[in-house]
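Undergrad: Input: one structure, supplied below.
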Amino acid sequence: MKPIELAWHTWSVIPESFARAFLIEGTERALLVDTGAGDTDLKSLVAELTDKPVDVVNTHNHGDHMAANDVFGDVYMHPADLARLKEPGKIKPVKEGFVFDLGGREVAVIETPGHTPGSISLYDQRSGLLFTGDMVSKDPPIYFIEGDANAEDFAASLKKLRSLDKPMFGAHDPTVNGRETLDKLLETLALFVAGKIAPVPAEGPMPADLYISPNGTGFRCPKRP
Ligand SMILES: [Zn+2]
């Protein structure tokens, strides 16, 4: 259960968790991309990695990415997702072009709606890595939740990420993804929207239908109670 160093002063903090968090450290501050599902003591893990003040940016407003928000410094999220929180509290809005200056290191906000209206990706210019939240995953399938997800936005964001062409880390897929995964997801999304993938029931905490395309990528659609 040790953090994995992905690049210089850049870690996957809780690699074996259901939802991972990533820590990026500059000379002045550190930035935590998401704060997990609450299944680990994130504060202690982060304290072992950095003694800098730690701010949080949430890739979107799902509970499995925000569990430990309260134990760090400032928290940031896109306004489209912030508006949908019951208690936005102290969370600050960030949009496309906002840059976190960590000291000798800048991390830029890139709007990538689709999984939720306010989903963002974070681009760390120093390592060249992109952190994509729940927008990119080869396996497991990506949650596509009625009322949250939008197929048109999803396709546009996948194309935007493809044009950036950077190594990508998501919250649930333990591997690094690239252009090939984006092409597969675009193909799968088109089949899914066209009704060309037969759903398979999936068990779990939230009963759901799985839509897996022949290329292996897919979506998990929770059923309404
Ligand atoms: Zn999510």
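Chain labels follow the order of the structure tokens: the first chain is A, the next B, and so on; residue numbering restarts at 1 in every chain, and ligands are counted from 1 in their shown order.
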Name the residues of segment 36-207 of chain A that come out as strand (DSSP E or B) in a backbone DSSP run; write them as a PyMOL selection string.
TA: chain A and resi 54-57+75-77+92-93+99-101+106-111+120-124+129-133+142-143+168-170+177+200-202
Undergrad: Taking only C-alpha atoms and all ligand atoms into account, which residues are within 12 Å of ligand 1, as an NGL selection string?
TA: :A and (18-20 or 34 or 36-37 or 58-66 or 81 or 113-120 or 132-137 or 141-145 or 148-149 or 170-172 or 219-222)
Undergrad: In Å, how far is it from atom CA of Pro53 of chain A to atom CA of Lys86 of chain A?
TA: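 Interatomic distance, atom CA of Pro53 of chain A to atom CA of Lys86 of chain A: 27.1 Å.
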Undergrad: Could you please write out, as a list of chain:residue names, every residue of segment 173-203 of chain A that DSSP assigns to helix (DSSP H, G or I)?
TA: A:Arg179, A:Glu180, A:Thr181, A:Leu182, A:Asp183, A:Lys184, A:Leu185, A:Leu186, A:Glu187, A:Thr188, A:Leu189, A:Ala190, A:Leu191, A:Phe192, A:Val193
Undergrad: Export, as a PDB file, in the first residue's frame, the selected residues with C-alpha atoms.
TA:
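Output saved as again09.pdb:
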```pdb
ATOM      1  CA  ARG A 179      -4.019   7.843 -27.605  1.00  0.00           C
ATOM      2  CA  GLU A 180      -4.907   4.201 -28.242  1.00  0.00           C
ATOM      3  CA  THR A 181      -7.264   4.120 -25.242  1.00  0.00           C
ATOM      4  CA  LEU A 182      -8.912   7.376 -26.337  1.00  0.00           C
ATOM      5  CA  ASP A 183      -9.545   5.907 -29.797  1.00  0.00           C
ATOM      6  CA  LYS A 184     -11.078   2.809 -28.200  1.00  0.00           C
ATOM      7  CA  LEU A 185     -13.287   4.892 -25.917  1.00  0.00           C
ATOM      8  CA  LEU A 186     -14.474   7.034 -28.836  1.00  0.00           C
ATOM      9  CA  GLU A 187     -15.345   3.883 -30.761  1.00  0.00           C
ATOM     10  CA  THR A 188     -17.150   2.413 -27.747  1.00  0.00           C
ATOM     11  CA  LEU A 189     -19.031   5.642 -27.064  1.00  0.00           C
ATOM     12  CA  ALA A 190     -20.322   5.763 -30.648  1.00  0.00           C
ATOM     13  CA  LEU A 191     -21.547   2.142 -30.405  1.00  0.00           C
ATOM     14  CA  PHE A 192     -23.103   2.807 -26.993  1.00  0.00           C
ATOM     15  CA  VAL A 193     -24.972   5.909 -28.204  1.00  0.00           C
TER      16      VAL A 193
END
```
Undergrad: Take atom CA of Lys166 of chain A and atom CA of Ser127 of chain A and report the distance between them in Å, one decimal.
TA: 10.1 Å
Undergrad: Would you mind listing what lies within 12 Å of Pro3 of chain A as an NGL selection string, with only C-alpha atoms counted and same-chain residues fewer than 3 positions away left out?
TA: :A and (6-7 or 9-17 or 20-23 or 40 or 42 or 44-49)
Undergrad: Given the choices A:Ile212, A:Val57, A:Ala194, A:Leu129, which gets closest to Trp8 of chain A if the distance is worked out from only C-alpha atoms?
TA: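 Of A:Ile212, A:Val57, A:Ala194, A:Leu129, the one nearest Trp8 of chain A, counting only C-alpha atoms, is A:Leu129.
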Undergrad: Counting only C-alpha atoms, which of A:Pro79, A:Gly38, A:Gly103, A:Pro174 gets nearest to Pro140 of chain A?
TA: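 Of the candidates, the smallest distance to Pro140 of chain A is held by A:Pro174.
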